[in-house]
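Asks: Data file coords-v4.cif (mmCIF, C-alpha atoms) is appended below.
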```
data_my_file
loop_
_atom_site.label_atom_id
_atom_site.label_comp_id
_atom_site.auth_asym_id
_atom_site.auth_seq_id
_atom_site.Cartn_x
_atom_site.Cartn_y
_atom_site.Cartn_z
CA MET Q 1 -11.37 -6.89 20.84
CA ASP Q 2 -9.15 -7.77 17.88
CA MET Q 3 -7.35 -4.79 16.43
CA VAL Q 4 -5.54 -4.00 13.21
CA LYS Q 5 -2.15 -4.07 14.95
CA ASP Q 6 -2.72 -7.76 15.80
CA TYR Q 7 -2.96 -8.75 12.12
CA MET Q 8 -1.09 -6.13 10.10
CA SER Q 9 2.19 -6.72 8.34
CA ALA Q 10 4.95 -4.65 9.94
CA ASN Q 11 7.69 -5.73 7.51
CA LEU Q 12 6.97 -3.25 4.75
CA VAL Q 13 8.44 -2.70 1.35
CA THR Q 14 8.35 1.07 0.97
CA LEU Q 15 9.11 3.22 -2.02
CA SER Q 16 10.64 6.66 -2.37
CA PRO Q 17 8.90 9.47 -4.30
CA SER Q 18 12.08 10.08 -6.32
CA MET Q 19 12.49 6.41 -7.36
CA PRO Q 20 12.09 5.72 -11.09
CA ILE Q 21 8.61 4.32 -11.67
CA LEU Q 22 9.88 1.29 -13.61
CA ALA Q 23 12.25 0.40 -10.74
CA ALA Q 24 9.29 0.62 -8.35
CA ALA Q 25 7.25 -1.64 -10.63
CA ARG Q 26 10.11 -4.17 -10.64
CA GLN Q 27 10.10 -4.14 -6.81
CA LEU Q 28 6.37 -4.87 -6.70
CA VAL Q 29 6.94 -7.85 -8.99
CA GLU Q 30 10.07 -9.02 -7.15
CA TYR Q 31 8.39 -8.95 -3.73
CA ARG Q 32 5.08 -10.28 -5.11
CA ILE Q 33 3.06 -7.42 -3.67
CA SER Q 34 0.22 -5.50 -5.26
CA GLY Q 35 1.24 -2.12 -3.90
CA ALA Q 36 3.45 -0.28 -1.45
CA PRO Q 37 3.42 2.87 0.65
CA VAL Q 38 5.55 5.79 -0.53
CA VAL Q 39 7.52 7.55 2.22
CA ASP Q 40 9.69 10.64 2.23
CA GLN Q 41 13.20 10.81 3.74
CA GLN Q 42 11.74 11.41 7.21
CA GLY Q 43 9.56 8.31 6.96
CA ASN Q 44 6.31 10.25 6.48
CA LEU Q 45 3.64 8.61 4.36
CA VAL Q 46 3.24 10.70 1.20
CA GLY Q 47 1.44 8.30 -1.12
CA LEU Q 48 0.65 4.80 -2.24
CA LEU Q 49 1.69 3.09 -5.46
CA SER Q 50 -0.26 0.09 -6.75
CA GLU Q 51 0.49 -2.36 -9.52
CA LYS Q 52 -2.47 -0.85 -11.34
CA ASP Q 53 -0.71 2.55 -11.27
CA CYS Q 54 2.43 0.90 -12.64
CA MET Q 55 0.71 -1.09 -15.36
CA ARG Q 56 -0.31 1.99 -17.36
CA ILE Q 57 3.16 3.45 -17.17
CA ALA Q 58 4.96 0.19 -17.97
CA LEU Q 59 2.70 -0.41 -20.95
CA HIS Q 60 3.18 3.12 -22.24
CA ALA Q 61 6.95 3.10 -21.72
CA GLY Q 62 7.32 -0.36 -23.25
CA TYR Q 63 5.44 0.48 -26.42
CA HIS Q 64 6.51 4.07 -26.87
CA SER Q 65 10.12 3.78 -25.62
CA GLU Q 66 9.76 6.81 -23.37
CA ALA Q 67 11.24 7.44 -19.96
CA ALA Q 68 8.44 6.83 -17.51
CA GLY Q 69 9.25 9.29 -14.69
CA THR Q 70 9.27 8.94 -10.91
CA VAL Q 71 6.99 7.38 -8.33
CA ALA Q 72 5.89 10.87 -7.20
CA GLU Q 73 4.36 11.53 -10.62
CA TYR Q 74 2.10 8.46 -10.51
CA MET Q 75 1.44 7.58 -6.87
CA GLN Q 76 -1.93 8.09 -5.27
CA LYS Q 77 -1.49 11.10 -3.02
CA ASP Q 78 -4.84 10.99 -1.25
CA VAL Q 79 -4.25 7.84 0.80
CA LYS Q 80 -6.87 6.38 3.10
CA THR Q 81 -5.23 4.94 6.22
CA VAL Q 82 -6.37 3.04 9.29
CA ASP Q 83 -5.29 3.39 12.89
CA ALA Q 84 -3.42 0.46 14.46
CA GLU Q 85 -5.95 0.45 17.33
CA ARG Q 86 -8.97 0.15 15.01
CA ASN Q 87 -11.28 -2.84 15.35
CA ILE Q 88 -10.62 -5.49 12.69
CA VAL Q 89 -14.35 -5.82 11.90
CA ASP Q 90 -14.53 -2.08 11.11
CA VAL Q 91 -11.68 -2.51 8.65
CA ALA Q 92 -13.42 -5.49 7.04
CA MET Q 93 -16.40 -3.20 6.40
CA MET Q 94 -14.06 -0.57 4.93
CA PHE Q 95 -12.64 -3.14 2.50
CA ILE Q 96 -16.15 -4.09 1.38
CA GLU Q 97 -17.23 -0.46 0.92
CA ASP Q 98 -14.06 0.95 -0.68
CA GLY Q 99 -12.75 -1.90 -2.78
CA TYR Q 100 -9.09 -1.26 -1.84
CA ARG Q 101 -6.65 -4.14 -1.51
CA ARG Q 102 -4.66 -2.68 1.37
CA TYR Q 103 -4.50 0.20 3.83
CA PRO Q 104 -1.39 1.73 5.38
CA VAL Q 105 -1.57 1.46 9.18
CA MET Q 106 -0.76 4.49 11.30
CA MET Q 107 0.01 4.94 14.99
CA ASP Q 108 0.61 8.40 16.45
CA GLY Q 109 0.89 9.86 12.95
CA ARG Q 110 3.58 7.41 11.84
CA LEU Q 111 3.42 4.56 9.33
CA VAL Q 112 3.77 1.31 11.29
CA GLY Q 113 2.45 -1.31 8.90
CA GLN Q 114 -0.03 -2.30 6.27
CA ILE Q 115 -3.16 -4.41 6.41
CA SER Q 116 -4.48 -6.30 3.43
CA ARG Q 117 -7.76 -7.98 2.62
CA ARG Q 118 -6.03 -11.32 3.20
CA ASP Q 119 -4.89 -10.24 6.69
CA VAL Q 120 -8.48 -9.32 7.57
CA LEU Q 121 -9.80 -12.61 6.20
CA LYS Q 122 -7.34 -14.48 8.42
CA ALA Q 123 -8.50 -12.44 11.43
CA LEU Q 124 -12.18 -13.08 10.67
CA ALA Q 125 -11.53 -16.81 10.28
CA VAL Q 126 -9.99 -16.85 13.77
CA LEU Q 127 -12.93 -14.89 15.21
CA SER Q 128 -15.63 -17.18 13.81
#
```
For the file at hand, write its structure as structure tokens.
Replies:
Amino acid sequence: MDMVKDYMSANLVTLSPSMPILAAARQLVEYRISGAPVVDQQGNLVGLLSEKDCMRIALHAGYHSEAAGTVAEYMQKDVKTVDAERNIVDVAMMFIEDGYRRYPVMMDGRLVGQISRRDVLKALAVLS
């Protein structure tokens, strides 16, 4: 049975809740990613920041010349995660139902990676 851990990305770009939101947006652009997990100093997952979250802030700050704030103020705090041992087909169904682009991957309560729609497509292509 193919599992999330077989296809997830373990090399994560993570953000800090105290990071300035515009600096976080620059990292998403620099690394060409559509979002990143937000972790506290102990490495606990505390949120998720997407480029969609950043777009509103960047637009507002750019046009109104205001300081934008920190990642903690704009990140999604209610983050849906998947377990590293979860079946890849189950996660494909989650992507279809939820419309998310990525899920943080957890193992024993710790963030160990991230799985994207593209990762799941690659897995499904291998399975068929």
Asks: Got a sec to resolve the PyMOL selection byres ((chain Q and resi 13-19) around 9) on this structure and send the residues as an mmCIF file with C-alpha atoms, keeping the file's coordinate frame?
Replies:
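And here is the file that came out, selection-v8.cif:
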```cif
data_model
loop_
_atom_site.group_PDB
_atom_site.id
_atom_site.type_symbol
_atom_site.label_atom_id
_atom_site.label_comp_id
_atom_site.auth_asym_id
_atom_site.auth_seq_id
_atom_site.Cartn_x
_atom_site.Cartn_y
_atom_site.Cartn_z
ATOM 1 C CA ASN Q 11 7.690 -5.730 7.510
ATOM 2 C CA LEU Q 12 6.970 -3.250 4.750
ATOM 3 C CA PRO Q 20 12.090 5.720 -11.090
ATOM 4 C CA ILE Q 21 8.610 4.320 -11.670
ATOM 5 C CA LEU Q 22 9.880 1.290 -13.610
ATOM 6 C CA ALA Q 23 12.250 0.400 -10.740
ATOM 7 C CA ALA Q 24 9.290 0.620 -8.350
ATOM 8 C CA GLN Q 27 10.100 -4.140 -6.810
ATOM 9 C CA LEU Q 28 6.370 -4.870 -6.700
ATOM 10 C CA TYR Q 31 8.390 -8.950 -3.730
ATOM 11 C CA ILE Q 33 3.060 -7.420 -3.670
ATOM 12 C CA GLY Q 35 1.240 -2.120 -3.900
ATOM 13 C CA ALA Q 36 3.450 -0.280 -1.450
ATOM 14 C CA PRO Q 37 3.420 2.870 0.650
ATOM 15 C CA VAL Q 38 5.550 5.790 -0.530
ATOM 16 C CA VAL Q 39 7.520 7.550 2.220
ATOM 17 C CA ASP Q 40 9.690 10.640 2.230
ATOM 18 C CA GLN Q 41 13.200 10.810 3.740
ATOM 19 C CA VAL Q 46 3.240 10.700 1.200
ATOM 20 C CA GLY Q 47 1.440 8.300 -1.120
ATOM 21 C CA LEU Q 48 0.650 4.800 -2.240
ATOM 22 C CA LEU Q 49 1.690 3.090 -5.460
ATOM 23 C CA GLY Q 69 9.250 9.290 -14.690
ATOM 24 C CA THR Q 70 9.270 8.940 -10.910
ATOM 25 C CA VAL Q 71 6.990 7.380 -8.330
ATOM 26 C CA ALA Q 72 5.890 10.870 -7.200
ATOM 27 C CA GLU Q 73 4.360 11.530 -10.620
ATOM 28 C CA MET Q 75 1.440 7.580 -6.870
#
```
Asks: When the PyMOL selection byres ((chain Q and resi 80-88) around 12) is applied to the file above, which residues end up in the set, as number ranges by chain?
Replies: Q: 1-10, 37, 45-48, 76-79, 89-95, 98-117, 119-127
Asks: Around all the atoms of region 79-90 of chain Q listed in the file, with 5 Å of room on each side, what axis-aligned box do you get, giving centre and edge lengths in Å to one decimal, as JSON?
Replies:
```
{"center_x": -9.0, "center_y": 1.0, "center_z": 9.1, "size_x": 21.1, "size_y": 23.7, "size_z": 26.5}
```
Asks: What does the distance between CA of Ala25 (chain Q) and CA of Ser50 (chain Q) come to in Å, to one decimal place?
Replies: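 Distance reported for this atom pair: 8.6 Å.
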Asks: Tell me, in Å to one decimal, how far CA of Ala68 (chain Q) is from CA of Ser34 (chain Q).
Replies: 19.2 Å
Asks: If you measure from CA of Glu30 (chain Q) to CA of Asp53 (chain Q), what distance in Å do you get, rounded to one decimal?
Replies: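 Calculated distance between CA of Glu30 (chain Q) and CA of Asp53 (chain Q) is 16.3 Å.
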